[in-house]
file structure_10.cif (mmCIF, C-alpha atoms)
data_coords
#
loop_
_atom_site.group_PDB
_atom_site.id
_atom_site.type_symbol
_atom_site.label_atom_id
_atom_site.label_comp_id
_atom_site.auth_asym_id
_atom_site.auth_seq_id
_atom_site.Cartn_x
_atom_site.Cartn_y
_atom_site.Cartn_z
ATOM 1 C CA MET R 4 0.000 0.000 0.000
ATOM 2 C CA LYS R 5 1.363 3.376 -1.008
ATOM 3 C CA PHE R 6 -0.041 6.849 -0.434
ATOM 4 C CA ASP R 7 0.203 9.855 -2.706
ATOM 5 C CA ASP R 8 3.314 11.586 -1.338
ATOM 6 C CA GLU R 9 1.981 15.073 -2.053
ATOM 7 C CA ALA R 10 -1.516 14.626 -0.637
ATOM 8 C CA GLY R 11 -2.336 16.547 2.525
ATOM 9 C CA LEU R 12 -3.694 14.684 5.547
ATOM 10 C CA ASP R 13 -6.724 15.815 7.530
ATOM 11 C CA ASN R 14 -5.627 15.400 11.137
ATOM 12 C CA SER R 15 -8.935 16.712 12.472
ATOM 13 C CA GLN R 16 -10.440 13.281 11.777
ATOM 14 C CA VAL R 17 -8.258 11.699 14.476
ATOM 15 C CA GLU R 18 -8.080 12.426 18.216
ATOM 16 C CA ASP R 19 -5.083 11.440 20.309
ATOM 17 C CA ARG R 20 -5.976 10.512 23.889
ATOM 18 C CA ARG R 21 -2.971 8.317 24.540
ATOM 19 C CA GLY R 22 -1.658 8.779 28.045
ATOM 20 C CA MET R 23 -4.901 10.338 29.304
ATOM 21 C CA SER R 24 -6.873 8.876 32.203
ATOM 22 C CA GLY R 25 -9.944 6.862 31.305
ATOM 23 C CA GLY R 26 -11.920 8.208 34.253
ATOM 24 C CA LYS R 27 -14.841 6.422 35.931
ATOM 25 C CA VAL R 28 -18.133 5.141 34.643
ATOM 26 C CA ALA R 29 -21.323 5.865 36.600
ATOM 27 C CA VAL R 30 -23.288 3.028 38.183
ATOM 28 C CA GLY R 31 -25.423 1.492 35.466
ATOM 29 C CA GLY R 32 -23.048 2.617 32.726
ATOM 30 C CA GLY R 33 -21.664 0.080 30.327
ATOM 31 C CA VAL R 34 -18.189 -1.360 30.821
ATOM 32 C CA LEU R 35 -16.632 -2.983 27.789
ATOM 33 C CA GLY R 36 -14.268 -4.996 29.999
ATOM 34 C CA VAL R 37 -17.036 -7.324 31.164
ATOM 35 C CA ILE R 38 -17.299 -9.018 27.789
ATOM 36 C CA GLY R 39 -15.965 -12.533 27.358
ATOM 37 C CA LEU R 40 -12.457 -13.323 26.222
ATOM 38 C CA LEU R 41 -13.327 -14.316 22.685
ATOM 39 C CA VAL R 42 -15.313 -11.160 21.976
ATOM 40 C CA ALA R 43 -12.625 -9.062 23.616
ATOM 41 C CA LEU R 44 -10.048 -10.635 21.351
ATOM 42 C CA ALA R 45 -12.150 -10.485 18.214
ATOM 43 C CA LEU R 46 -12.036 -7.574 15.843
ATOM 44 C CA GLY R 47 -14.757 -4.977 15.764
ATOM 45 C CA VAL R 48 -16.531 -5.101 19.119
ATOM 46 C CA ASP R 49 -19.685 -3.035 18.843
ATOM 47 C CA ALA R 50 -20.727 -1.507 22.145
ATOM 48 C CA ASP R 51 -24.484 -1.385 21.506
ATOM 49 C CA ASP R 52 -24.566 -5.038 20.474
ATOM 50 C CA LEU R 53 -23.016 -5.906 23.840
ATOM 51 C CA GLY R 54 -25.860 -4.198 25.692
ATOM 52 C CA LEU R 55 -23.715 -1.335 26.938
ATOM 53 C CA SER R 56 -25.413 1.743 28.287
ATOM 54 C CA GLY R 57 -24.558 5.252 27.230
ATOM 55 C CA ASP R 58 -25.443 6.908 30.542
ATOM 56 C CA SER R 59 -21.971 7.529 31.874
ATOM 57 C CA THR R 60 -21.763 10.750 33.848
ATOM 58 C CA THR R 61 -18.051 11.207 33.404
ATOM 59 C CA ALA R 62 -17.081 13.434 30.518
ATOM 60 C CA ALA R 63 -14.259 12.378 28.250
ATOM 61 C CA ALA R 64 -10.886 13.948 28.845
ATOM 62 C CA PRO R 65 -10.119 16.810 26.479
ATOM 63 C CA ALA R 66 -8.654 15.397 23.304
ATOM 64 C CA LYS R 67 -6.117 16.832 20.938
ATOM 65 C CA ALA R 68 -5.849 16.287 17.235
ATOM 66 C CA VAL R 69 -2.784 14.452 16.013
ATOM 67 C CA GLU R 70 -0.108 17.069 15.509
ATOM 68 C CA LYS R 71 -0.071 18.333 11.945
ATOM 69 C CA SER R 72 3.690 18.705 12.154
ATOM 70 C CA ASP R 73 3.892 14.927 12.577
ATOM 71 C CA CYS R 74 1.364 13.894 9.926
ATOM 72 C CA ARG R 75 1.122 16.388 7.119
ATOM 73 C CA THR R 76 1.308 14.488 3.840
ATOM 74 C CA GLY R 77 1.022 11.109 2.208
ATOM 75 C CA ALA R 78 4.794 10.920 2.394
ATOM 76 C CA ASP R 79 4.485 10.925 6.201
ATOM 77 C CA ALA R 80 1.874 8.162 5.948
ATOM 78 C CA ASN R 81 4.328 6.079 3.939
ATOM 79 C CA THR R 82 6.919 6.235 6.720
ATOM 80 C CA LYS R 83 5.101 6.633 10.070
ATOM 81 C CA ASP R 84 2.615 4.216 11.634
ATOM 82 C CA ASP R 85 0.376 6.853 13.241
ATOM 83 C CA CYS R 86 0.241 8.858 10.045
ATOM 84 C CA ARG R 87 -0.637 5.756 8.029
ATOM 85 C CA ILE R 88 -3.726 5.175 10.167
ATOM 86 C CA THR R 89 -4.676 8.841 9.808
ATOM 87 C CA ALA R 90 -4.371 8.484 6.036
ATOM 88 C CA VAL R 91 -6.480 5.313 6.045
ATOM 89 C CA VAL R 92 -9.165 7.132 8.036
ATOM 90 C CA ASN R 93 -9.053 9.999 5.518
ATOM 91 C CA SER R 94 -9.400 7.563 2.622
ATOM 92 C CA LEU R 95 -12.285 5.700 4.254
ATOM 93 C CA GLN R 96 -14.222 8.848 5.032
ATOM 94 C CA ASN R 97 -13.652 10.218 1.553
ATOM 95 C CA PHE R 98 -14.975 7.025 -0.028
ATOM 96 C CA TRP R 99 -18.048 6.699 2.173
ATOM 97 C CA ASP R 100 -18.824 10.371 1.728
ATOM 98 C CA SER R 101 -18.844 9.799 -2.025
ATOM 99 C CA GLU R 102 -20.877 6.578 -1.661
ATOM 100 C CA LEU R 103 -23.596 7.601 0.797
ATOM 101 C CA ASP R 104 -25.818 10.659 0.644
ATOM 102 C CA GLY R 105 -25.683 12.564 3.914
ATOM 103 C CA TYR R 106 -22.638 10.703 5.210
ATOM 104 C CA THR R 107 -21.585 11.950 8.657
ATOM 105 C CA PRO R 108 -17.857 11.647 9.437
ATOM 106 C CA ALA R 109 -16.690 9.555 12.396
ATOM 107 C CA LYS R 110 -13.488 10.377 14.229
ATOM 108 C CA THR R 111 -10.951 7.764 15.230
ATOM 109 C CA VAL R 112 -9.651 8.036 18.801
ATOM 110 C CA TYR R 113 -6.195 6.746 19.718
ATOM 111 C CA PHE R 114 -5.999 5.679 23.368
ATOM 112 C CA THR R 115 -4.022 3.547 25.793
ATOM 113 C CA GLY R 116 -5.344 1.629 28.780
ATOM 114 C CA THR R 117 -8.927 2.801 29.184
ATOM 115 C CA VAL R 118 -11.030 5.485 27.573
ATOM 116 C CA PRO R 119 -14.446 7.005 28.407
ATOM 117 C CA THR R 120 -16.992 6.773 25.609
ATOM 118 C CA ALA R 121 -20.706 7.353 25.175
ATOM 119 C CA CYS R 122 -21.031 3.558 25.362
ATOM 120 C CA GLY R 123 -19.215 3.226 28.685
ATOM 121 C CA LYS R 124 -15.558 2.734 29.539
ATOM 122 C CA GLY R 125 -13.492 1.154 26.799
ATOM 123 C CA SER R 126 -10.372 -0.880 27.442
ATOM 124 C CA SER R 127 -7.361 -1.817 25.380
ATOM 125 C CA ASP R 128 -8.191 -5.434 26.232
ATOM 126 C CA ASP R 129 -11.351 -5.160 24.157
ATOM 127 C CA GLY R 130 -9.573 -4.560 20.872
ATOM 128 C CA PRO R 131 -10.721 -1.887 18.405
ATOM 129 C CA PHE R 132 -14.388 -0.934 18.641
ATOM 130 C CA TYR R 133 -16.983 1.496 17.325
ATOM 131 C CA CYS R 134 -19.348 3.354 19.637
ATOM 132 C CA PRO R 135 -22.620 4.350 17.957
ATOM 133 C CA GLY R 136 -23.420 6.616 20.902
ATOM 134 C CA ASP R 137 -20.770 9.144 19.895
ATOM 135 C CA ASN R 138 -20.022 7.940 16.343
ATOM 136 C CA LYS R 139 -16.352 7.309 17.053
ATOM 137 C CA VAL R 140 -13.905 4.485 16.406
ATOM 138 C CA TYR R 141 -11.626 3.677 19.347
ATOM 139 C CA LEU R 142 -8.217 2.164 18.752
ATOM 140 C CA ASP R 143 -5.220 1.276 20.855
ATOM 141 C CA LEU R 144 -2.429 1.029 18.309
ATOM 142 C CA THR R 145 -0.739 -1.746 20.296
ATOM 143 C CA PHE R 146 -3.499 -4.029 18.996
ATOM 144 C CA PHE R 147 -1.645 -4.269 15.709
ATOM 145 C CA LYS R 148 1.352 -5.808 17.465
ATOM 146 C CA GLU R 149 -0.938 -8.245 19.294
ATOM 147 C CA LEU R 150 -2.521 -9.182 15.972
ATOM 148 C CA ARG R 151 0.854 -10.670 15.061
ATOM 149 C CA THR R 152 2.235 -11.870 18.388
ATOM 150 C CA GLU R 153 -0.946 -13.166 20.034
ATOM 151 C CA TYR R 154 -3.246 -14.127 17.179
ATOM 152 C CA GLY R 155 -0.693 -15.296 14.614
ATOM 153 C CA ALA R 156 -1.516 -12.903 11.782
ATOM 154 C CA SER R 157 1.299 -11.910 9.467
ATOM 155 C CA GLY R 158 0.400 -8.262 10.020
ATOM 156 C CA GLY R 159 1.478 -5.475 7.707
ATOM 157 C CA PRO R 160 0.103 -2.056 6.757
ATOM 158 C CA PHE R 161 -2.987 -3.309 4.992
ATOM 159 C CA ALA R 162 -3.864 -5.708 7.795
ATOM 160 C CA GLN R 163 -4.046 -2.560 9.912
ATOM 161 C CA ALA R 164 -6.109 -0.806 7.256
ATOM 162 C CA TYR R 165 -8.563 -3.730 7.249
ATOM 163 C CA VAL R 166 -9.026 -3.416 11.019
ATOM 164 C CA VAL R 167 -9.866 0.285 10.711
ATOM 165 C CA ALA R 168 -12.044 -0.255 7.642
ATOM 166 C CA HIS R 169 -14.073 -2.896 9.487
ATOM 167 C CA GLU R 170 -14.843 -0.395 12.249
ATOM 168 C CA TYR R 171 -15.941 2.204 9.726
ATOM 169 C CA GLY R 172 -18.170 -0.504 8.287
ATOM 170 C CA HIS R 173 -19.977 -0.415 11.635
ATOM 171 C CA HIS R 174 -20.304 3.346 11.322
ATOM 172 C CA VAL R 175 -21.930 2.912 7.924
ATOM 173 C CA GLN R 176 -24.297 0.344 9.427
ATOM 174 C CA ASN R 177 -25.224 2.809 12.137
ATOM 175 C CA LEU R 178 -25.957 5.535 9.608
ATOM 176 C CA LEU R 179 -28.052 3.175 7.481
ATOM 177 C CA GLY R 180 -30.053 1.950 10.469
ATOM 178 C CA THR R 181 -28.787 -1.617 10.149
ATOM 179 C CA MET R 182 -28.049 -1.762 13.874
ATOM 180 C CA ASP R 183 -31.683 -1.105 14.772
ATOM 181 C CA ASP R 184 -33.886 -3.926 16.069
ATOM 182 C CA LEU R 185 -31.303 -6.689 15.954
ATOM 183 C CA ASP R 186 -31.620 -9.747 18.156
ATOM 184 C CA ASP R 187 -29.067 -10.253 20.913
ATOM 185 C CA ASP R 188 -28.534 -13.940 20.233
ATOM 186 C CA LYS R 189 -25.225 -15.629 19.606
ATOM 187 C CA GLY R 190 -24.376 -18.354 17.137
ATOM 188 C CA ALA R 191 -23.283 -18.875 13.566
ATOM 189 C CA HIS R 192 -26.555 -17.506 12.139
ATOM 190 C CA SER R 193 -27.179 -14.749 14.683
ATOM 191 C CA ASP R 194 -27.647 -11.082 13.854
ATOM 192 C CA SER R 195 -24.371 -10.360 15.667
ATOM 193 C CA VAL R 196 -22.423 -12.535 13.231
ATOM 194 C CA LYS R 197 -24.291 -11.105 10.240
ATOM 195 C CA LEU R 198 -23.489 -7.576 11.405
ATOM 196 C CA GLU R 199 -19.776 -8.340 11.754
ATOM 197 C CA LEU R 200 -19.568 -10.112 8.407
ATOM 198 C CA GLN R 201 -21.273 -7.189 6.710
ATOM 199 C CA ALA R 202 -18.681 -4.842 8.231
ATOM 200 C CA ASP R 203 -16.000 -7.092 6.735
ATOM 201 C CA CYS R 204 -17.755 -6.847 3.365
ATOM 202 C CA TYR R 205 -17.923 -3.058 3.597
ATOM 203 C CA ALA R 206 -14.183 -3.041 4.322
ATOM 204 C CA GLY R 207 -13.697 -4.953 1.073
ATOM 205 C CA VAL R 208 -15.893 -2.506 -0.859
ATOM 206 C CA TRP R 209 -13.704 0.377 0.330
ATOM 207 C CA ALA R 210 -10.544 -1.540 -0.608
ATOM 208 C CA LYS R 211 -11.901 -2.032 -4.131
ATOM 209 C CA HIS R 212 -12.310 1.720 -4.603
ATOM 210 C CA ALA R 213 -9.415 2.964 -2.460
ATOM 211 C CA THR R 214 -7.123 3.622 -5.420
ATOM 212 C CA THR R 215 -9.776 5.198 -7.649
ATOM 213 C CA THR R 216 -11.793 7.518 -5.392
ATOM 214 C CA PRO R 217 -10.270 11.005 -5.688
ATOM 215 C CA GLN R 218 -9.689 13.235 -2.691
ATOM 216 C CA LYS R 219 -11.518 16.532 -2.948
ATOM 217 C CA SER R 220 -8.360 18.476 -2.094
ATOM 218 C CA THR R 221 -6.143 17.036 -4.850
ATOM 219 C CA GLY R 222 -8.453 15.334 -7.336
ATOM 220 C CA ARG R 223 -6.290 12.216 -6.934
ATOM 221 C CA PRO R 224 -6.794 9.108 -4.775
ATOM 222 C CA LEU R 225 -4.966 9.281 -1.450
ATOM 223 C CA ILE R 226 -3.946 5.627 -1.822
ATOM 224 C CA SER R 227 -1.994 5.410 -5.059
ATOM 225 C CA LYS R 228 -1.084 1.718 -5.000
ATOM 226 C CA LEU R 229 -2.676 -1.427 -3.589
ATOM 227 C CA SER R 230 -1.237 -4.834 -4.431
ATOM 228 C CA ARG R 231 -2.446 -8.403 -4.221
ATOM 229 C CA ALA R 232 -0.034 -8.834 -1.314
ATOM 230 C CA ASP R 233 -1.890 -6.062 0.523
ATOM 231 C CA ILE R 234 -5.223 -7.810 0.026
ATOM 232 C CA ASN R 235 -3.666 -11.033 1.264
ATOM 233 C CA GLU R 236 -2.625 -9.225 4.460
ATOM 234 C CA ALA R 237 -6.258 -8.296 5.059
ATOM 235 C CA LEU R 238 -7.444 -11.843 4.394
ATOM 236 C CA ASP R 239 -4.809 -13.233 6.727
ATOM 237 C CA ALA R 240 -5.910 -10.847 9.487
ATOM 238 C CA ALA R 241 -9.555 -11.796 8.924
ATOM 239 C CA ALA R 242 -8.674 -15.468 9.305
ATOM 240 C CA ALA R 243 -6.645 -14.841 12.459
ATOM 241 C CA ILE R 244 -9.638 -13.402 14.309
ATOM 242 C CA GLY R 245 -12.350 -15.806 13.191
ATOM 243 C CA ASP R 246 -14.413 -17.182 16.068
ATOM 244 C CA ASP R 247 -13.514 -20.779 15.252
ATOM 245 C CA ARG R 248 -9.799 -20.085 15.193
ATOM 246 C CA LEU R 249 -9.904 -18.126 18.446
ATOM 247 C CA GLN R 250 -12.005 -20.762 20.173
ATOM 248 C CA LYS R 251 -9.690 -23.550 19.110
ATOM 249 C CA GLN R 252 -6.658 -21.554 20.233
ATOM 250 C CA TYR R 253 -8.026 -20.536 23.638
ATOM 251 C CA GLU R 254 -10.588 -23.239 24.461
ATOM 252 C CA GLY R 255 -9.342 -26.209 22.481
ATOM 253 C CA LYS R 256 -12.680 -26.732 20.741
ATOM 254 C CA VAL R 257 -15.050 -24.972 18.346
ATOM 255 C CA THR R 258 -18.598 -24.131 19.471
ATOM 256 C CA PRO R 259 -20.518 -22.367 16.662
ATOM 257 C CA GLU R 260 -23.524 -21.763 18.916
ATOM 258 C CA THR R 261 -21.507 -19.114 20.806
ATOM 259 C CA TRP R 262 -20.055 -17.266 17.813
ATOM 260 C CA THR R 263 -20.374 -13.489 17.676
ATOM 261 C CA HIS R 264 -18.207 -12.522 14.685
ATOM 262 C CA GLY R 265 -18.127 -15.473 12.299
ATOM 263 C CA SER R 266 -15.602 -18.100 11.278
ATOM 264 C CA SER R 267 -12.281 -17.413 9.602
ATOM 265 C CA ALA R 268 -13.669 -18.661 6.300
ATOM 266 C CA GLN R 269 -16.777 -16.494 6.603
ATOM 267 C CA ARG R 270 -14.782 -13.375 7.371
ATOM 268 C CA GLN R 271 -12.488 -13.980 4.429
ATOM 269 C CA LYS R 272 -15.448 -14.750 2.176
ATOM 270 C CA TRP R 273 -17.291 -11.534 2.938
ATOM 271 C CA PHE R 274 -14.242 -9.288 2.688
ATOM 272 C CA THR R 275 -13.576 -10.921 -0.683
ATOM 273 C CA THR R 276 -17.203 -10.394 -1.735
ATOM 274 C CA GLY R 277 -16.896 -6.686 -1.021
ATOM 275 C CA TYR R 278 -13.544 -6.434 -2.744
ATOM 276 C CA THR R 279 -14.451 -8.325 -5.903
ATOM 277 C CA THR R 280 -17.823 -6.636 -6.433
ATOM 278 C CA GLY R 281 -17.095 -3.181 -5.051
ATOM 279 C CA ASP R 282 -20.848 -3.014 -4.443
ATOM 280 C CA ILE R 283 -22.405 -2.236 -1.075
ATOM 281 C CA ASP R 284 -25.583 -4.015 -2.194
ATOM 282 C CA ALA R 285 -23.635 -7.263 -2.430
ATOM 283 C CA CYS R 286 -23.023 -7.115 1.322
ATOM 284 C CA ASP R 287 -26.485 -8.205 2.455
ATOM 285 C CA THR R 288 -25.342 -10.813 4.963
ATOM 286 C CA PHE R 289 -28.770 -10.776 6.583
ATOM 287 C CA ARG R 290 -30.291 -12.582 3.602
ATOM 288 C CA THR R 291 -27.388 -14.835 2.744
ATOM 289 C CA ARG R 292 -25.916 -17.629 4.824
#
call {"tool": "encode", "arguments": {"input": "structure_10.cif", "output": "structure tokens"}}
result
Amino acid sequence: MKFDDEAGLDNSQVEDRRGMSGGKVAVGGGVLGVIGLLVALALGVDADDLGLSGDSTTAAAPAKAVEKSDCRTGADANTKDDCRITAVVNSLQNFWDSELDGYTPAKTVYFTGTVPTACGKGSSDDGPFYCPGDNKVYLDLTFFKELRTEYGASGGPFAQAYVVAHEYGHHVQNLLGTMDDLDDDKGAHSDSVKLELQADCYAGVWAKHATTTPQKSTGRPLISKLSRADINEALDAAAAIGDDRLQKQYEGKVTPETWTHGSSAQRQKWFTTGYTTGDIDACDTFRTR
């Protein structure tokens, strides 16, 4: 994956709360840390789907935008990890803004340890997640190291991009109303799994158009090159965090009736569906098994 060296980055789309205190959550507020190990390890935890309340009385610590002096251009994104994620966020928001009428941007929040959100207190142990209560993606960048060292993924820049793109898939679902009136069951055919697989598919749709959707500021795509090796990094990451693979690794057996995100094969299949078709309408996981 390569970014246009001369493209400017929009740092206002990212907040940096690393090193800030997570604060306390009021009684009755949701706490992401109570979720089970497999969901905590799996990509794309959605706070509403976990039954988390948004009635925390503790305000979030003041956040700062990522310093523009650190992440100014695509050239910075090609050499610095933080700037690469900022560039991926910019690319995602540009694509979805061009795809959906009335698209509302969602900021990505970098944090360490714990972080207050409109969905309760988030924790680094939960992995990346999207909070529909405040329309923000929360990300501890150390997750990308764990993706390699703990879950066995090969990693790489586009594996990271897939993680972020999956979370923005949840944002799209929120905007489209897909998250409304879902059941809270678990299992291979549950709404939870269908929601996660659709977010994988949306990530693939973005990947298909990432090198052809022009940025408004330059008239050129922010991502100038995407190779088959990049796509393979995303597929490898998707496989690493499939429910079946995680269950076998941590429990020694596979129990489909408790799945929340889908199997490795399902996650790869739906990312591939999005990538090969480039069509959001092809991502109707709720009608297809």
call {"tool": "resolve_selection", "arguments": {"input": "structure_10.cif", "expression": "the PyMOL selection byres ((chain R and resi 115) around 10)", "output": "number ranges by chain"}}
result
R: 19-25, 113-114, 116-118, 125-128, 141-145
call {"tool": "resolve_selection", "arguments": {"input": "structure_10.cif", "expression": "the PyMOL selection byres ((chain R and resi 167) around 10)", "output": "compact mmCIF listing (two decimals) with C-alpha atoms, in the frame of the given file"}}
result
# COMPACT_ATOMS: atom_id res chain seq x y z
CA LEU R 46 -12.04 -7.57 15.84
CA GLY R 47 -14.76 -4.98 15.76
CA ILE R 88 -3.73 5.18 10.17
CA VAL R 91 -6.48 5.31 6.04
CA VAL R 92 -9.16 7.13 8.04
CA LEU R 95 -12.28 5.70 4.25
CA THR R 111 -10.95 7.76 15.23
CA PRO R 131 -10.72 -1.89 18.40
CA PHE R 132 -14.39 -0.93 18.64
CA TYR R 133 -16.98 1.50 17.32
CA VAL R 140 -13.90 4.49 16.41
CA TYR R 141 -11.63 3.68 19.35
CA LEU R 142 -8.22 2.16 18.75
CA PHE R 161 -2.99 -3.31 4.99
CA ALA R 162 -3.86 -5.71 7.80
CA GLN R 163 -4.05 -2.56 9.91
CA ALA R 164 -6.11 -0.81 7.26
CA TYR R 165 -8.56 -3.73 7.25
CA VAL R 166 -9.03 -3.42 11.02
CA ALA R 168 -12.04 -0.26 7.64
CA HIS R 169 -14.07 -2.90 9.49
CA GLU R 170 -14.84 -0.40 12.25
CA TYR R 171 -15.94 2.20 9.73
CA GLY R 172 -18.17 -0.50 8.29
CA ALA R 206 -14.18 -3.04 4.32
call {"tool": "closest_atom_pairs", "arguments": {"input": "structure_10.cif", "of": "region 79-183 of chain R", "to": "region 242-266 of chain R", "cutoff": "8 Å", "atoms": "all atoms listed in the file", "output": "tab-separated table"}}
result
residue	atom	partner	partner_atom	distance
R:Leu150	CA	R:Ala243	CA	7.8
R:Tyr154	CA	R:Ala243	CA	5.9
R:Gly155	CA	R:Ala243	CA	6.3
R:Ala156	CA	R:Ala243	CA	5.5
call {"tool": "resolve_selection", "arguments": {"input": "structure_10.cif", "expression": "the PyMOL selection byres ((chain R and resi 282) around 12)", "output": "list in words"}}
result
Glu102, Gln201, Cys204, Tyr205, Ala206, Gly207, Val208, Trp209, Ala210, Lys211, His212, Trp273, Phe274, Thr275, Thr276, Gly277, Tyr278, Thr279, Thr280, Gly281, Ile283, Asp284, Ala285, Cys286 and Asp287 of chain R
call {"tool": "atom_distance", "arguments": {"input": "structure_10.cif", "atom1": "CA of Val175 (chain R)", "atom2": "CA of Ser101 (chain R)"}}
result
12.5 Å
call {"tool": "residues_around", "arguments": {"input": "structure_10.cif", "residues": "region 78-83 of chain R", "least_positions_apart": "6", "cutoff": "8 Å", "atoms": "all atoms listed in the file", "output": "JSON, numbers by chain"}}
result
{"R": [5, 6, 7, 8, 9, 10, 89, 90]}
call {"tool": "closest_residue", "arguments": {"input": "structure_10.cif", "among": "R:Met4, R:Val17, R:Met182, R:Ala237", "to": "Ala109 (chain R)", "atoms": "all atoms listed in the file"}}
result
R:Val17
call {"tool": "axis_aligned_box", "arguments": {"input": "structure_10.cif", "around": "region 195-213 of chain R", "padding_each_side": "5 Å", "output": "lines of an AutoDock Vina configuration file"}}
result
center_x = -16.9
center_y = -4.8
center_z = 5.5
size_x = 25.0
size_y = 25.5
size_z = 30.3
call {"tool": "build_atoms", "arguments": {"input": "structure_10.cif", "residues": "region 276-282 of chain R", "atoms": "all heavy atoms", "output": "mmCIF file, keeping the file's coordinate frame"}}
result
data_model
loop_
_atom_site.group_PDB
_atom_site.id
_atom_site.type_symbol
_atom_site.label_atom_id
_atom_site.label_comp_id
_atom_site.auth_asym_id
_atom_site.auth_seq_id
_atom_site.Cartn_x
_atom_site.Cartn_y
_atom_site.Cartn_z
ATOM 1 N N THR R 276 -15.986 -10.791 -1.019
ATOM 2 C CA THR R 276 -17.203 -10.394 -1.735
ATOM 3 C C THR R 276 -17.232 -8.887 -1.947
ATOM 4 O O THR R 276 -17.518 -8.398 -3.047
ATOM 5 C CB THR R 276 -18.456 -10.828 -0.959
ATOM 6 O OG1 THR R 276 -18.500 -12.266 -0.897
ATOM 7 C CG2 THR R 276 -19.725 -10.324 -1.639
ATOM 8 N N GLY R 277 -16.933 -8.142 -0.894
ATOM 9 C CA GLY R 277 -16.896 -6.686 -1.021
ATOM 10 C C GLY R 277 -15.826 -6.226 -1.983
ATOM 11 O O GLY R 277 -16.047 -5.315 -2.797
ATOM 12 N N TYR R 278 -14.664 -6.870 -1.911
ATOM 13 C CA TYR R 278 -13.544 -6.434 -2.744
ATOM 14 C C TYR R 278 -13.751 -6.770 -4.216
ATOM 15 O O TYR R 278 -13.413 -5.986 -5.100
ATOM 16 C CB TYR R 278 -12.245 -7.068 -2.246
ATOM 17 C CG TYR R 278 -11.042 -6.648 -3.048
ATOM 18 C CD1 TYR R 278 -10.571 -5.335 -3.007
ATOM 19 C CD2 TYR R 278 -10.369 -7.565 -3.865
ATOM 20 C CE1 TYR R 278 -9.477 -4.948 -3.756
ATOM 21 C CE2 TYR R 278 -9.272 -7.180 -4.613
ATOM 22 C CZ TYR R 278 -8.830 -5.858 -4.558
ATOM 23 O OH TYR R 278 -7.745 -5.468 -5.309
ATOM 24 N N THR R 279 -14.295 -7.929 -4.497
ATOM 25 C CA THR R 279 -14.451 -8.325 -5.903
ATOM 26 C C THR R 279 -15.607 -7.589 -6.577
ATOM 27 O O THR R 279 -15.553 -7.297 -7.766
ATOM 28 C CB THR R 279 -14.667 -9.843 -6.023
ATOM 29 O OG1 THR R 279 -15.768 -10.234 -5.200
ATOM 30 C CG2 THR R 279 -13.416 -10.598 -5.597
ATOM 31 N N THR R 280 -16.669 -7.310 -5.827
ATOM 32 C CA THR R 280 -17.823 -6.636 -6.433
ATOM 33 C C THR R 280 -17.729 -5.121 -6.340
ATOM 34 O O THR R 280 -18.222 -4.411 -7.222
ATOM 35 C CB THR R 280 -19.134 -7.073 -5.753
ATOM 36 O OG1 THR R 280 -19.147 -6.620 -4.383
ATOM 37 C CG2 THR R 280 -19.290 -8.583 -5.803
ATOM 38 N N GLY R 281 -17.134 -4.624 -5.272
ATOM 39 C CA GLY R 281 -17.095 -3.181 -5.051
ATOM 40 C C GLY R 281 -18.477 -2.587 -4.858
ATOM 41 O O GLY R 281 -18.663 -1.375 -5.009
ATOM 42 N N ASP R 282 -19.439 -3.422 -4.485
ATOM 43 C CA ASP R 282 -20.848 -3.014 -4.443
ATOM 44 C C ASP R 282 -21.415 -3.220 -3.049
ATOM 45 O O ASP R 282 -21.457 -4.349 -2.544
ATOM 46 C CB ASP R 282 -21.636 -3.837 -5.460
ATOM 47 C CG ASP R 282 -23.097 -3.434 -5.552
ATOM 48 O OD1 ASP R 282 -23.505 -2.476 -4.862
ATOM 49 O OD2 ASP R 282 -23.837 -4.092 -6.318
#
